[in-house]
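Next comes query-v9.cif, with mmCIF, C-alpha atoms; chains and numbers go by the auth columns.
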data_work
#
loop_
_atom_site.group_PDB
_atom_site.id
_atom_site.type_symbol
_atom_site.label_atom_id
_atom_site.label_comp_id
_atom_site.label_asym_id
_atom_site.label_seq_id
_atom_site.Cartn_x
_atom_site.Cartn_y
_atom_site.Cartn_z
_atom_site.B_iso_or_equiv
_atom_site.auth_seq_id
_atom_site.auth_asym_id
ATOM 1 C CA ALA A 1 60.942 -42.952 10.784 0.00 250 O
ATOM 2 C CA GLN A 2 57.180 -43.324 11.196 0.00 251 O
ATOM 3 C CA LEU A 3 56.414 -40.837 8.447 0.00 252 O
ATOM 4 C CA GLY A 4 55.116 -43.024 5.667 0.00 253 O
ATOM 5 C CA VAL A 5 58.615 -42.544 4.230 0.00 254 O
ATOM 6 C CA GLY A 6 61.330 -45.077 3.438 0.00 255 O
ATOM 7 C CA VAL A 7 65.038 -44.269 3.651 0.00 256 O
ATOM 8 C CA ALA A 8 67.870 -46.615 2.671 0.00 257 O
ATOM 9 C CA PHE A 9 71.556 -46.594 1.772 0.00 258 O
ATOM 10 C CA THR A 10 73.035 -49.511 -0.156 0.00 259 O
ATOM 11 C CA SER A 11 76.467 -51.107 0.267 0.00 260 O
ATOM 12 C CA ALA A 12 79.088 -52.602 -2.046 0.00 261 O
ATOM 13 C CA ASP A 13 76.889 -55.708 -2.282 0.00 262 O
ATOM 14 C CA LEU A 14 75.226 -53.912 -5.196 0.00 263 O
ATOM 15 C CA ASP A 15 76.762 -51.827 -7.980 0.00 264 O
ATOM 16 C CA LEU A 16 74.292 -49.256 -9.280 0.00 265 O
ATOM 17 C CA GLY A 17 76.857 -47.539 -11.503 0.00 266 O
ATOM 18 C CA ASP A 18 77.017 -47.217 -15.267 0.00 267 O
ATOM 19 C CA ARG A 19 80.515 -48.634 -15.855 0.00 268 O
ATOM 20 C CA GLN A 20 79.231 -52.205 -15.816 0.00 269 O
ATOM 21 C CA ASP A 21 77.481 -53.724 -18.799 0.00 270 O
ATOM 22 C CA ALA A 22 73.816 -52.946 -19.389 0.00 271 O
ATOM 23 C CA GLU A 23 72.618 -56.406 -18.391 0.00 272 O
ATOM 24 C CA ALA A 24 74.417 -56.320 -15.035 0.00 273 O
ATOM 25 C CA ARG A 25 73.142 -52.790 -14.385 0.00 274 O
ATOM 26 C CA SER A 26 69.590 -53.868 -15.194 0.00 275 O
ATOM 27 C CA ARG A 27 69.833 -56.845 -12.830 0.00 276 O
ATOM 28 C CA ALA A 28 71.131 -54.637 -10.026 0.00 277 O
ATOM 29 C CA TYR A 29 68.280 -52.139 -10.327 0.00 278 O
ATOM 30 C CA ALA A 30 65.726 -54.934 -10.616 0.00 279 O
ATOM 31 C CA ARG A 31 67.085 -56.522 -7.428 0.00 280 O
ATOM 32 C CA LEU A 32 66.970 -53.189 -5.620 0.00 281 O
ATOM 33 C CA ALA A 33 63.449 -52.310 -6.788 0.00 282 O
ATOM 34 C CA ASP A 34 62.239 -55.777 -5.791 0.00 283 O
ATOM 35 C CA ALA A 35 63.734 -55.397 -2.305 0.00 284 O
ATOM 36 C CA LEU A 36 62.151 -51.964 -1.838 0.00 285 O
ATOM 37 C CA GLY A 37 58.820 -52.753 -3.435 0.00 286 O
ATOM 38 C CA VAL A 38 58.959 -49.566 -5.517 0.00 287 O
ATOM 39 C CA PRO A 39 60.717 -48.570 -8.770 0.00 288 O
ATOM 40 C CA VAL A 40 63.931 -46.551 -8.518 0.00 289 O
ATOM 41 C CA ALA A 41 64.455 -43.183 -10.264 0.00 290 O
ATOM 42 C CA VAL A 42 67.919 -41.946 -11.247 0.00 291 O
ATOM 43 C CA ALA A 43 69.102 -38.880 -13.181 0.00 292 O
ATOM 44 C CA ALA A 44 72.437 -37.908 -14.734 0.00 293 O
ATOM 45 C CA GLN A 45 74.612 -36.440 -11.984 0.00 294 O
ATOM 46 C CA VAL A 46 77.056 -33.694 -12.988 0.00 295 O
ATOM 47 C CA HIS A 47 78.259 -32.253 -9.642 0.00 296 O
ATOM 48 C CA GLY A 48 75.931 -29.288 -10.053 0.00 297 O
ATOM 49 C CA ALA A 49 73.002 -27.764 -8.161 0.00 298 O
ATOM 50 C CA ASP A 50 70.054 -28.481 -10.462 0.00 299 O
ATOM 51 C CA VAL A 51 66.953 -30.084 -8.945 0.00 300 O
ATOM 52 C CA LEU A 52 64.652 -32.385 -10.917 0.00 301 O
ATOM 53 C CA HIS A 53 61.009 -32.674 -9.885 0.00 302 O
ATOM 54 C CA VAL A 54 59.934 -36.301 -10.412 0.00 303 O
ATOM 55 C CA GLN A 55 56.195 -36.279 -11.047 0.00 304 O
ATOM 56 C CA GLY A 56 55.408 -39.845 -12.053 0.00 305 O
ATOM 57 C CA SER A 57 56.324 -43.404 -11.133 0.00 306 O
ATOM 58 C CA GLY A 58 56.174 -45.019 -14.547 0.00 307 O
ATOM 59 C CA THR A 59 58.826 -47.681 -14.827 0.00 308 O
ATOM 60 C CA ALA A 60 60.516 -50.075 -17.196 0.00 309 O
ATOM 61 C CA ASP A 61 60.236 -53.801 -16.571 0.00 310 O
ATOM 62 C CA ASP A 62 63.526 -53.827 -14.662 0.00 311 O
ATOM 63 C CA GLY A 63 62.238 -51.496 -11.931 0.00 312 O
ATOM 64 C CA LEU A 64 64.273 -48.511 -13.117 0.00 313 O
ATOM 65 C CA VAL A 65 62.803 -45.082 -13.812 0.00 314 O
ATOM 66 C CA ASP A 66 65.605 -43.912 -16.098 0.00 315 O
ATOM 67 C CA LEU A 67 65.772 -40.107 -16.049 0.00 316 O
ATOM 68 C CA THR A 68 69.382 -39.917 -17.179 0.00 317 O
ATOM 69 C CA ASP A 69 68.410 -37.694 -20.078 0.00 318 O
ATOM 70 C CA HIS A 70 68.030 -35.040 -17.347 0.00 319 O
ATOM 71 C CA ARG A 71 71.056 -33.553 -15.581 0.00 320 O
ATOM 72 C CA ALA A 72 70.353 -33.076 -11.887 0.00 321 O
ATOM 73 C CA ASP A 73 72.115 -33.684 -8.581 0.00 322 O
ATOM 74 C CA ALA A 74 68.935 -33.548 -6.521 0.00 323 O
ATOM 75 C CA LEU A 75 65.572 -35.221 -7.066 0.00 324 O
ATOM 76 C CA VAL A 76 62.330 -34.114 -5.390 0.00 325 O
ATOM 77 C CA THR A 77 58.850 -35.626 -5.435 0.00 326 O
ATOM 78 C CA ALA A 78 55.457 -35.589 -3.755 0.00 327 O
ATOM 79 C CA THR A 79 54.475 -38.737 -5.705 0.00 328 O
ATOM 80 C CA ARG A 80 53.997 -41.990 -3.820 0.00 329 O
ATOM 81 C CA GLY A 81 55.601 -45.244 -4.826 0.00 330 O
ATOM 82 C CA VAL A 82 58.832 -44.138 -6.523 0.00 331 O
ATOM 83 C CA ALA A 83 62.233 -44.174 -4.809 0.00 332 O
ATOM 84 C CA LEU A 84 64.509 -41.228 -5.563 0.00 333 O
ATOM 85 C CA ALA A 85 68.122 -42.384 -5.820 0.00 334 O
ATOM 86 C CA VAL A 86 71.470 -40.571 -5.869 0.00 335 O
ATOM 87 C CA ARG A 87 74.590 -42.521 -6.779 0.00 336 O
ATOM 88 C CA VAL A 88 77.772 -42.086 -4.752 0.00 337 O
ATOM 89 C CA ALA A 89 81.221 -43.546 -4.192 0.00 338 O
ATOM 90 C CA ASP A 90 82.701 -40.945 -1.759 0.00 339 O
ATOM 91 C CA CYS A 91 80.354 -37.976 -2.203 0.00 340 O
ATOM 92 C CA VAL A 92 77.641 -37.354 0.397 0.00 341 O
ATOM 93 C CA PRO A 93 74.204 -38.947 -0.172 0.00 342 O
ATOM 94 C CA ILE A 94 71.452 -37.032 1.619 0.00 343 O
ATOM 95 C CA CYS A 95 67.839 -38.130 1.977 0.00 344 O
ATOM 96 C CA LEU A 96 65.308 -35.451 2.922 0.00 345 O
ATOM 97 C CA ALA A 97 61.694 -35.773 3.969 0.00 346 O
ATOM 98 C CA ALA A 98 58.914 -33.552 5.207 0.00 347 O
ATOM 99 C CA ALA A 99 58.042 -34.463 8.791 0.00 348 O
ATOM 100 C CA ASP A 100 54.469 -35.228 7.712 0.00 349 O
ATOM 101 C CA GLY A 101 55.687 -37.503 4.902 0.00 350 O
ATOM 102 C CA SER A 102 54.174 -35.318 2.175 0.00 351 O
ATOM 103 C CA ALA A 103 57.333 -34.867 0.060 0.00 352 O
ATOM 104 C CA VAL A 104 60.867 -36.244 -0.187 0.00 353 O
ATOM 105 C CA ALA A 105 64.178 -35.422 -1.852 0.00 354 O
ATOM 106 C CA ALA A 106 67.515 -37.117 -2.531 0.00 355 O
ATOM 107 C CA VAL A 107 70.710 -35.090 -2.896 0.00 356 O
ATOM 108 C CA HIS A 108 74.152 -35.932 -4.310 0.00 357 O
ATOM 109 C CA ALA A 109 76.565 -33.577 -2.551 0.00 358 O
ATOM 110 C CA GLY A 110 80.195 -33.645 -3.589 0.00 359 O
ATOM 111 C CA ARG A 111 82.658 -30.790 -3.169 0.00 360 O
ATOM 112 C CA GLN A 112 81.428 -28.810 -6.160 0.00 361 O
ATOM 113 C CA GLY A 113 77.765 -29.448 -5.419 0.00 362 O
ATOM 114 C CA LEU A 114 78.192 -28.249 -1.845 0.00 363 O
ATOM 115 C CA LEU A 115 79.958 -25.104 -3.020 0.00 364 O
ATOM 116 C CA ASP A 116 77.303 -24.486 -5.685 0.00 365 O
ATOM 117 C CA GLY A 117 74.420 -24.832 -3.222 0.00 366 O
ATOM 118 C CA VAL A 118 72.759 -28.108 -4.195 0.00 367 O
ATOM 119 C CA ILE A 119 71.490 -28.671 -0.644 0.00 368 O
ATOM 120 C CA GLY A 120 69.865 -25.248 -0.449 0.00 369 O
ATOM 121 C CA ALA A 121 68.306 -25.752 -3.877 0.00 370 O
ATOM 122 C CA ALA A 122 66.797 -29.089 -2.840 0.00 371 O
ATOM 123 C CA VAL A 123 65.503 -27.662 0.443 0.00 372 O
ATOM 124 C CA ALA A 124 63.907 -24.730 -1.405 0.00 373 O
ATOM 125 C CA GLU A 125 62.167 -27.097 -3.835 0.00 374 O
ATOM 126 C CA LEU A 126 60.894 -29.246 -0.972 0.00 375 O
ATOM 127 C CA ARG A 127 59.575 -26.174 0.813 0.00 376 O
ATOM 128 C CA SER A 128 57.672 -25.220 -2.320 0.00 377 O
ATOM 129 C CA LEU A 129 55.752 -28.487 -1.853 0.00 378 O
ATOM 130 C CA THR A 130 55.243 -28.553 1.916 0.00 379 O
ATOM 131 C CA ASP A 131 55.107 -26.322 4.985 0.00 380 O
ATOM 132 C CA ALA A 132 56.104 -29.183 7.299 0.00 381 O
ATOM 133 C CA PRO A 133 59.468 -29.245 9.104 0.00 382 O
ATOM 134 C CA LEU A 134 62.197 -31.087 7.187 0.00 383 O
ATOM 135 C CA LEU A 135 64.325 -34.044 8.269 0.00 384 O
ATOM 136 C CA ALA A 136 67.600 -35.260 6.709 0.00 385 O
ATOM 137 C CA TRP A 137 69.568 -38.492 6.819 0.00 386 O
ATOM 138 C CA VAL A 138 73.235 -38.166 5.799 0.00 387 O
ATOM 139 C CA GLY A 139 74.691 -41.406 4.470 0.00 388 O
ATOM 140 C CA PRO A 140 78.223 -42.843 4.242 0.00 389 O
ATOM 141 C CA HIS A 141 80.851 -40.691 2.494 0.00 390 O
ATOM 142 C CA VAL A 142 84.588 -40.078 2.523 0.00 391 O
ATOM 143 C CA CYS A 143 85.583 -38.474 5.835 0.00 392 O
ATOM 144 C CA GLY A 144 87.686 -35.356 6.288 0.00 393 O
ATOM 145 C CA THR A 145 90.778 -37.278 7.348 0.00 394 O
ATOM 146 C CA CYS A 146 90.640 -39.328 4.116 0.00 395 O
ATOM 147 C CA TYR A 147 89.665 -36.629 1.587 0.00 396 O
ATOM 148 C CA GLU A 148 93.088 -35.235 0.691 0.00 397 O
ATOM 149 C CA VAL A 149 93.207 -32.173 -1.581 0.00 398 O
ATOM 150 C CA PRO A 150 95.768 -29.448 -2.401 0.00 399 O
ATOM 151 C CA ASP A 151 96.242 -26.839 0.337 0.00 400 O
ATOM 152 C CA ALA A 152 94.654 -24.017 -1.653 0.00 401 O
ATOM 153 C CA MET A 153 91.569 -26.088 -2.464 0.00 402 O
ATOM 154 C CA ALA A 154 91.211 -27.120 1.186 0.00 403 O
ATOM 155 C CA ALA A 155 91.413 -23.520 2.387 0.00 404 O
ATOM 156 C CA ASP A 156 88.984 -22.277 -0.255 0.00 405 O
ATOM 157 C CA ALA A 157 86.410 -24.972 0.532 0.00 406 O
ATOM 158 C CA ALA A 158 86.649 -24.442 4.298 0.00 407 O
ATOM 159 C CA GLY A 159 86.216 -20.713 3.897 0.00 408 O
ATOM 160 C CA ARG A 160 83.189 -21.051 1.658 0.00 409 O
ATOM 161 C CA LEU A 161 81.585 -23.874 3.641 0.00 410 O
ATOM 162 C CA GLY A 162 82.304 -22.392 7.066 0.00 411 O
ATOM 163 C CA THR A 163 84.121 -25.520 8.258 0.00 412 O
ATOM 164 C CA ASP A 164 87.553 -26.293 9.695 0.00 413 O
ATOM 165 C CA VAL A 165 90.373 -27.577 7.496 0.00 414 O
ATOM 166 C CA PRO A 166 90.994 -31.170 8.600 0.00 415 O
ATOM 167 C CA THR A 167 94.421 -32.764 8.717 0.00 416 O
ATOM 168 C CA THR A 168 94.380 -36.043 6.818 0.00 417 O
ATOM 169 C CA ARG A 169 95.897 -39.318 7.966 0.00 418 O
ATOM 170 C CA TRP A 170 98.870 -38.446 5.728 0.00 419 O
ATOM 171 C CA GLY A 171 99.480 -35.120 7.476 0.00 420 O
ATOM 172 C CA THR A 172 98.143 -33.114 4.548 0.00 421 O
ATOM 173 C CA ARG A 173 95.060 -30.900 4.208 0.00 422 O
ATOM 174 C CA GLY A 174 91.589 -32.150 3.397 0.00 423 O
ATOM 175 C CA ILE A 175 87.934 -31.231 3.067 0.00 424 O
ATOM 176 C CA ASP A 176 85.244 -32.390 5.480 0.00 425 O
ATOM 177 C CA LEU A 177 82.292 -32.870 3.128 0.00 426 O
ATOM 178 C CA GLY A 178 80.108 -34.201 5.931 0.00 427 O
ATOM 179 C CA ALA A 179 80.672 -31.139 8.111 0.00 428 O
ATOM 180 C CA GLY A 180 79.893 -28.887 5.161 0.00 429 O
ATOM 181 C CA ALA A 181 76.680 -30.754 4.404 0.00 430 O
ATOM 182 C CA ARG A 182 75.618 -30.781 8.055 0.00 431 O
ATOM 183 C CA ARG A 183 76.223 -27.044 8.421 0.00 432 O
ATOM 184 C CA GLN A 184 74.218 -26.213 5.294 0.00 433 O
ATOM 185 C CA LEU A 185 71.336 -28.405 6.430 0.00 434 O
ATOM 186 C CA GLU A 186 71.308 -26.916 9.919 0.00 435 O
ATOM 187 C CA VAL A 187 71.475 -23.350 8.582 0.00 436 O
ATOM 188 C CA ALA A 188 68.459 -24.236 6.436 0.00 437 O
ATOM 189 C CA GLY A 189 66.586 -25.362 9.547 0.00 438 O
ATOM 190 C CA VAL A 190 66.672 -29.088 8.750 0.00 439 O
ATOM 191 C CA GLU A 191 66.951 -31.693 11.530 0.00 440 O
ATOM 192 C CA VAL A 192 69.938 -33.929 10.720 0.00 441 O
ATOM 193 C CA THR A 193 70.604 -37.610 11.439 0.00 442 O
ATOM 194 C CA GLU A 194 74.076 -38.852 10.466 0.00 443 O
ATOM 195 C CA LEU A 195 74.598 -42.516 9.668 0.00 444 O
ATOM 196 C CA GLY A 196 78.384 -42.481 9.734 0.00 445 O
ATOM 197 C CA ALA A 197 80.973 -44.706 8.002 0.00 446 O
ATOM 198 C CA CYS A 198 83.804 -43.532 5.766 0.00 447 O
ATOM 199 C CA THR A 199 83.615 -44.970 2.266 0.00 448 O
ATOM 200 C CA LEU A 200 87.401 -45.038 1.832 0.00 449 O
ATOM 201 C CA GLU A 201 88.047 -46.816 5.140 0.00 450 O
ATOM 202 C CA ASP A 202 85.210 -49.358 4.942 0.00 451 O
ATOM 203 C CA ASP A 203 85.645 -51.936 2.176 0.00 452 O
ATOM 204 C CA ARG A 204 81.966 -52.873 2.515 0.00 453 O
ATOM 205 C CA LEU A 205 81.310 -49.583 0.699 0.00 454 O
ATOM 206 C CA HIS A 206 82.224 -48.380 -2.785 0.00 455 O
ATOM 207 C CA SER A 207 84.992 -45.737 -2.886 0.00 456 O
ATOM 208 C CA HIS A 208 86.267 -44.021 -6.007 0.00 457 O
ATOM 209 C CA ARG A 209 89.291 -42.700 -4.110 0.00 458 O
ATOM 210 C CA ARG A 210 90.242 -46.182 -2.926 0.00 459 O
ATOM 211 C CA ASP A 211 89.485 -48.140 -6.091 0.00 460 O
ATOM 212 C CA ALA A 212 89.608 -45.435 -8.791 0.00 461 O
ATOM 213 C CA GLU A 213 88.119 -46.572 -12.095 0.00 462 O
ATOM 214 C CA ARG A 214 87.182 -49.996 -10.716 0.00 463 O
ATOM 215 C CA SER A 215 84.773 -48.545 -8.159 0.00 464 O
ATOM 216 C CA GLY A 216 81.063 -49.217 -8.393 0.00 465 O
ATOM 217 C CA ARG A 217 78.311 -46.927 -7.085 0.00 466 O
ATOM 218 C CA MET A 218 76.056 -47.120 -4.063 0.00 467 O
ATOM 219 C CA VAL A 219 72.809 -45.213 -3.757 0.00 468 O
ATOM 220 C CA GLY A 220 70.964 -43.245 -1.147 0.00 469 O
ATOM 221 C CA LEU A 221 67.210 -43.722 -1.528 0.00 470 O
ATOM 222 C CA VAL A 222 64.100 -42.056 -0.168 0.00 471 O
ATOM 223 C CA TRP A 223 60.475 -42.682 -1.102 0.00 472 O
ATOM 224 C CA ARG A 224 56.904 -41.975 -0.071 0.00 473 O
ATOM 225 C CA ALA A 225 55.389 -45.308 0.765 0.00 474 O
ATOM 226 C CA ALA A 226 51.955 -46.542 -0.223 0.00 475 O
ATOM 227 C CA PRO A 227 49.088 -45.413 2.040 0.00 476 O
ATOM 228 C CA ASP A 228 48.933 -46.952 5.522 0.00 477 O
ATOM 229 C CA PRO A 229 52.613 -48.000 5.638 0.00 478 O
ATOM 230 C CA SER A 230 53.848 -50.368 8.329 0.00 479 O
ATOM 231 C CA GLY A 231 57.242 -48.990 9.247 0.00 480 O
ATOM 232 C CA THR A 232 58.975 -48.803 5.884 0.00 481 O
ATOM 233 C CA GLY A 233 61.477 -46.185 7.014 0.00 482 O
ATOM 234 C CA ARG A 234 64.730 -47.046 8.697 0.00 483 O
#
Turn this file's structure into structure tokens for me.
Amino acid sequence: AQLGVGVAFTSADLDLGDRQDAEARSRAYARLADALGVPVAVAAQVHGADVLHVQGSGTADDGLVDLTDHRADALVTATRGVALAVRVADCVPICLAAADGSAVAAVHAGRQGLLDGVIGAAVAELRSLTDAPLLAWVGPHVCGTCYEVPDAMAADAAGRLGTDVPTTRWGTRGIDLGAGARRQLEVAGVEVTELGACTLEDDRLHSHRRDAERSGRMVGLVWRAAPDPSGTGR
């Protein structure tokens, strides 16, 4: 994207989760921030719909802007030089940007967040900062044929999200989080690019459903680059 915006999704090569010890976590964020050239901001995710407006890029020595004293499943900023990160291991990571590069947002969209309207909340906050059209990149997440849930939950989610009820690889009912996210983005007038890959099927990605309590966390990241960028987006 030639917007003065960077977009990235990490793999299982890095664990950005909090289950590891503090030193390992610090090293992982430092490695990520060094690769991006900007510090990384994270908040405490609670599967809700709250949006946190990140207004500064102050950072600790390890490249982490630790906002985990704030509960939020979407981060929004018009500040340059700080990467907004959402941590996932099956949920849907969504990176949003104004088409003129003036503001960006990162969204953690799991089942409950989708149902509670986290995408709409993030879009509304972005639109309070910019009149430009909005673009979205949807990162790797568990697919509908791998996200098995009880029949009643599947039917309820499909009805509320306006999606079909998928049949899983086990012949049971599931939820298509990606379809729900895509529909909400499109209804909100956002242009969507999907990057594919199912976290459960691809062992190059972290998956809570596959590895349970042993799973690490990946991140989806979006940031406003420094002035006069040279193709930082991808």
Reference answer for the PyMOL selection byres ((chain O and resi 386) around 9), as number ranges by chain
O: 256, 342-346, 384-385, 387-388, 440-444
Would you kindly return, as a ChimeraX atom specification, each protein, DNA or RNA residue with an atom no farther than 12 Å from any atom of Thr379 in chain O, considering only C-alpha atoms and excluding same-chain residues fewer than 3 positions away?
/O:325-327,346-354,372-376,382-383
Save out the residues we just selected, C-alpha atoms, as a short mmCIF file (atom, residue, chain, number, x, y, z; two decimals), in the coordinates of the input.
data_model
loop_
_atom_site.label_atom_id
_atom_site.label_comp_id
_atom_site.auth_asym_id
_atom_site.auth_seq_id
_atom_site.Cartn_x
_atom_site.Cartn_y
_atom_site.Cartn_z
CA VAL O 325 62.33 -34.11 -5.39
CA THR O 326 58.85 -35.63 -5.44
CA ALA O 327 55.46 -35.59 -3.76
CA ALA O 346 61.69 -35.77 3.97
CA ALA O 347 58.91 -33.55 5.21
CA ALA O 348 58.04 -34.46 8.79
CA ASP O 349 54.47 -35.23 7.71
CA GLY O 350 55.69 -37.50 4.90
CA SER O 351 54.17 -35.32 2.17
CA ALA O 352 57.33 -34.87 0.06
CA VAL O 353 60.87 -36.24 -0.19
CA ALA O 354 64.18 -35.42 -1.85
CA VAL O 372 65.50 -27.66 0.44
CA ALA O 373 63.91 -24.73 -1.40
CA GLU O 374 62.17 -27.10 -3.84
CA LEU O 375 60.89 -29.25 -0.97
CA ARG O 376 59.58 -26.17 0.81
CA PRO O 382 59.47 -29.24 9.10
CA LEU O 383 62.20 -31.09 7.19
#
How would you write, as a PyMOL selection string, the residues chosen by the PyMOL selection byres ((chain O and resi 368) around 9) on this structure?
chain O and resi 298+323+343+356-358+362-363+365-367+369-373+430+433-434+437
Any chance you could export the current selection's C-alpha atoms as a JSON list (two decimals), keeping the file's coordinate frame?
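Once written, again37.json looks like this:
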[["chain", "number", "residue", "atom", "x", "y", "z"],
["O", 298, "ALA", "CA", 73.00, -27.76, -8.16],
["O", 323, "ALA", "CA", 68.94, -33.55, -6.52],
["O", 343, "ILE", "CA", 71.45, -37.03, 1.62],
["O", 356, "VAL", "CA", 70.71, -35.09, -2.90],
["O", 357, "HIS", "CA", 74.15, -35.93, -4.31],
["O", 358, "ALA", "CA", 76.56, -33.58, -2.55],
["O", 362, "GLY", "CA", 77.76, -29.45, -5.42],
["O", 363, "LEU", "CA", 78.19, -28.25, -1.84],
["O", 365, "ASP", "CA", 77.30, -24.49, -5.68],
["O", 366, "GLY", "CA", 74.42, -24.83, -3.22],
["O", 367, "VAL", "CA", 72.76, -28.11, -4.20],
["O", 369, "GLY", "CA", 69.86, -25.25, -0.45],
["O", 370, "ALA", "CA", 68.31, -25.75, -3.88],
["O", 371, "ALA", "CA", 66.80, -29.09, -2.84],
["O", 372, "VAL", "CA", 65.50, -27.66, 0.44],
["O", 373, "ALA", "CA", 63.91, -24.73, -1.40],
["O", 430, "ALA", "CA", 76.68, -30.75, 4.40],
["O", 433, "GLN", "CA", 74.22, -26.21, 5.29],
["O", 434, "LEU", "CA", 71.34, -28.40, 6.43],
["O", 437, "ALA", "CA", 68.46, -24.24, 6.44]]
Of O:Arg431, O:Arg473, O:Arg276, O:Arg329, the one nearest to Leu252 in chain O when counting all atoms listed in the file is O:Arg473
Would you write out, as CSV, a table of all residues in range 344-456 of chain O that have an atom no more than 12 Å from an atom of range 262-275 of chain O, listing for each the closest atom pair and the distance in Å to one decimal, considering only C-alpha atoms and ordering rows by chain and rising residue number?
residue,atom,partner,partner_atom,distance
O:Asp452,CA,O:Asp262,CA,10.5
O:Arg453,CA,O:Asp262,CA,7.5
O:Leu454,CA,O:Asp262,CA,8.1
O:His455,CA,O:Asp264,CA,8.3
O:Ser456,CA,O:Asp264,CA,11.4
How would the residues just chosen look if you wrote them out with C-alpha atoms as a PDB file, in the coordinates of the input?
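Printed below is selection25.pdb as written:
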ATOM      1  CA  ASP O 452      85.645 -51.936   2.176  1.00  0.00           C
ATOM      2  CA  ARG O 453      81.966 -52.873   2.515  1.00  0.00           C
ATOM      3  CA  LEU O 454      81.310 -49.583   0.699  1.00  0.00           C
ATOM      4  CA  HIS O 455      82.224 -48.380  -2.785  1.00  0.00           C
ATOM      5  CA  SER O 456      84.992 -45.737  -2.886  1.00  0.00           C
TER       6      SER O 456
END
Pairwise distance for CA of Leu333 in chain O and CA of Leu316 in chain O, rounded to one decimal in Å
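So the answer is 10.6 Å.
Straight-line separation from CA of Gly286 in chain O to CA of Val335 in chain O: 17.7 Å.
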Could the centre and edge lengths of an axis-aligned box, enclosing all atoms of range 438-451 of chain O in the file with 5 Å extra on each side, be given in Å to one decimal as JSON?
{"center_x": 77.3, "center_y": -37.4, "center_z": 6.7, "size_x": 31.5, "size_y": 34.0, "size_z": 19.7}
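Put simply, CA of Arg459 in chain O is 24.6 Å away from CA of Ala292 in chain O.
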Which is closer to Val337 in chain O than all the others in O:Gly423, O:Gly469, O:Gly411, O:Gly312, using all atoms listed in the file?
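The shortest atom-to-atom distance to Val337 in chain O comes from O:Gly469.
With all atoms listed in the file as the atoms that count, the residue of O:Thr328, O:Thr417, O:Thr412, O:Ser377 with the shortest distance to Cys395 in chain O is O:Thr417.
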Select, from O:Val471, O:Val414, O:Ala403, O:Val391, the residue with the minimum atom-to-atom distance to Ala446 in chain O, counting all atoms listed in the file.
O:Val391
Spell out the residues picked by the PyMOL selection byres ((chain O and resi 449) around 12) here, as number ranges by chain.
O: 261, 338-340, 389-397, 418, 446-448, 450-461, 464
Nearest residue to Met467 in chain O from the set O:Asp315, O:Arg336, O:Arg422, O:Leu285 (distances using all atoms listed in the file):
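The closest residue to Met467 in chain O is O:Arg336.
Residue nearest Gly359 in chain O within the list O:Val289, O:Met402, O:Val341, O:Ala282: O:Val341 [criterion: smallest interatomic distance, all atoms listed in the file].
The point (68.2, -29.8, -18.5) has these residues within 12 Å of it when all atoms listed in the file are used: Ala292, Ala293, Gln294, Val295, Gly297, Ala298, Asp299, Val300, Leu301, His302, Leu316, Thr317, Asp318, His319, Arg320, Ala321 and Asp322 of chain O.
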Can I get N, CA, C and O atoms for range 399-407 of chain O, as a short mmCIF file (atom, residue, chain, number, x, y, z; two decimals), in the first residue's frame?
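Output (part.cif):
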data_model
loop_
_atom_site.label_atom_id
_atom_site.label_comp_id
_atom_site.auth_asym_id
_atom_site.auth_seq_id
_atom_site.Cartn_x
_atom_site.Cartn_y
_atom_site.Cartn_z
N PRO O 399 -20.96 -25.50 19.59
CA PRO O 399 -22.27 -26.15 19.74
C PRO O 399 -23.27 -25.60 18.72
O PRO O 399 -23.19 -24.44 18.31
N ASP O 400 -24.24 -26.44 18.35
CA ASP O 400 -25.21 -26.06 17.32
C ASP O 400 -25.92 -24.75 17.63
O ASP O 400 -26.09 -23.90 16.75
N ALA O 401 -26.34 -24.57 18.87
CA ALA O 401 -27.09 -23.37 19.23
C ALA O 401 -26.22 -22.12 19.09
O ALA O 401 -26.69 -21.07 18.62
N MET O 402 -24.96 -22.22 19.48
CA MET O 402 -24.05 -21.09 19.36
C MET O 402 -23.81 -20.76 17.89
O MET O 402 -23.76 -19.58 17.50
N ALA O 403 -23.65 -21.79 17.06
CA ALA O 403 -23.43 -21.58 15.63
C ALA O 403 -24.62 -20.87 14.99
O ALA O 403 -24.46 -19.92 14.23
N ALA O 404 -25.81 -21.31 15.33
CA ALA O 404 -27.02 -20.71 14.75
C ALA O 404 -27.20 -19.27 15.22
O ALA O 404 -27.55 -18.38 14.44
N ASP O 405 -26.94 -19.03 16.50
CA ASP O 405 -27.07 -17.68 17.04
C ASP O 405 -26.08 -16.73 16.37
O ASP O 405 -26.45 -15.62 15.95
N ALA O 406 -24.82 -17.15 16.24
CA ALA O 406 -23.81 -16.30 15.64
C ALA O 406 -24.14 -16.00 14.19
O ALA O 406 -24.04 -14.85 13.73
N ALA O 407 -24.54 -17.03 13.43
CA ALA O 407 -24.86 -16.83 12.02
C ALA O 407 -26.02 -15.87 11.85
O ALA O 407 -26.00 -14.99 10.98
#
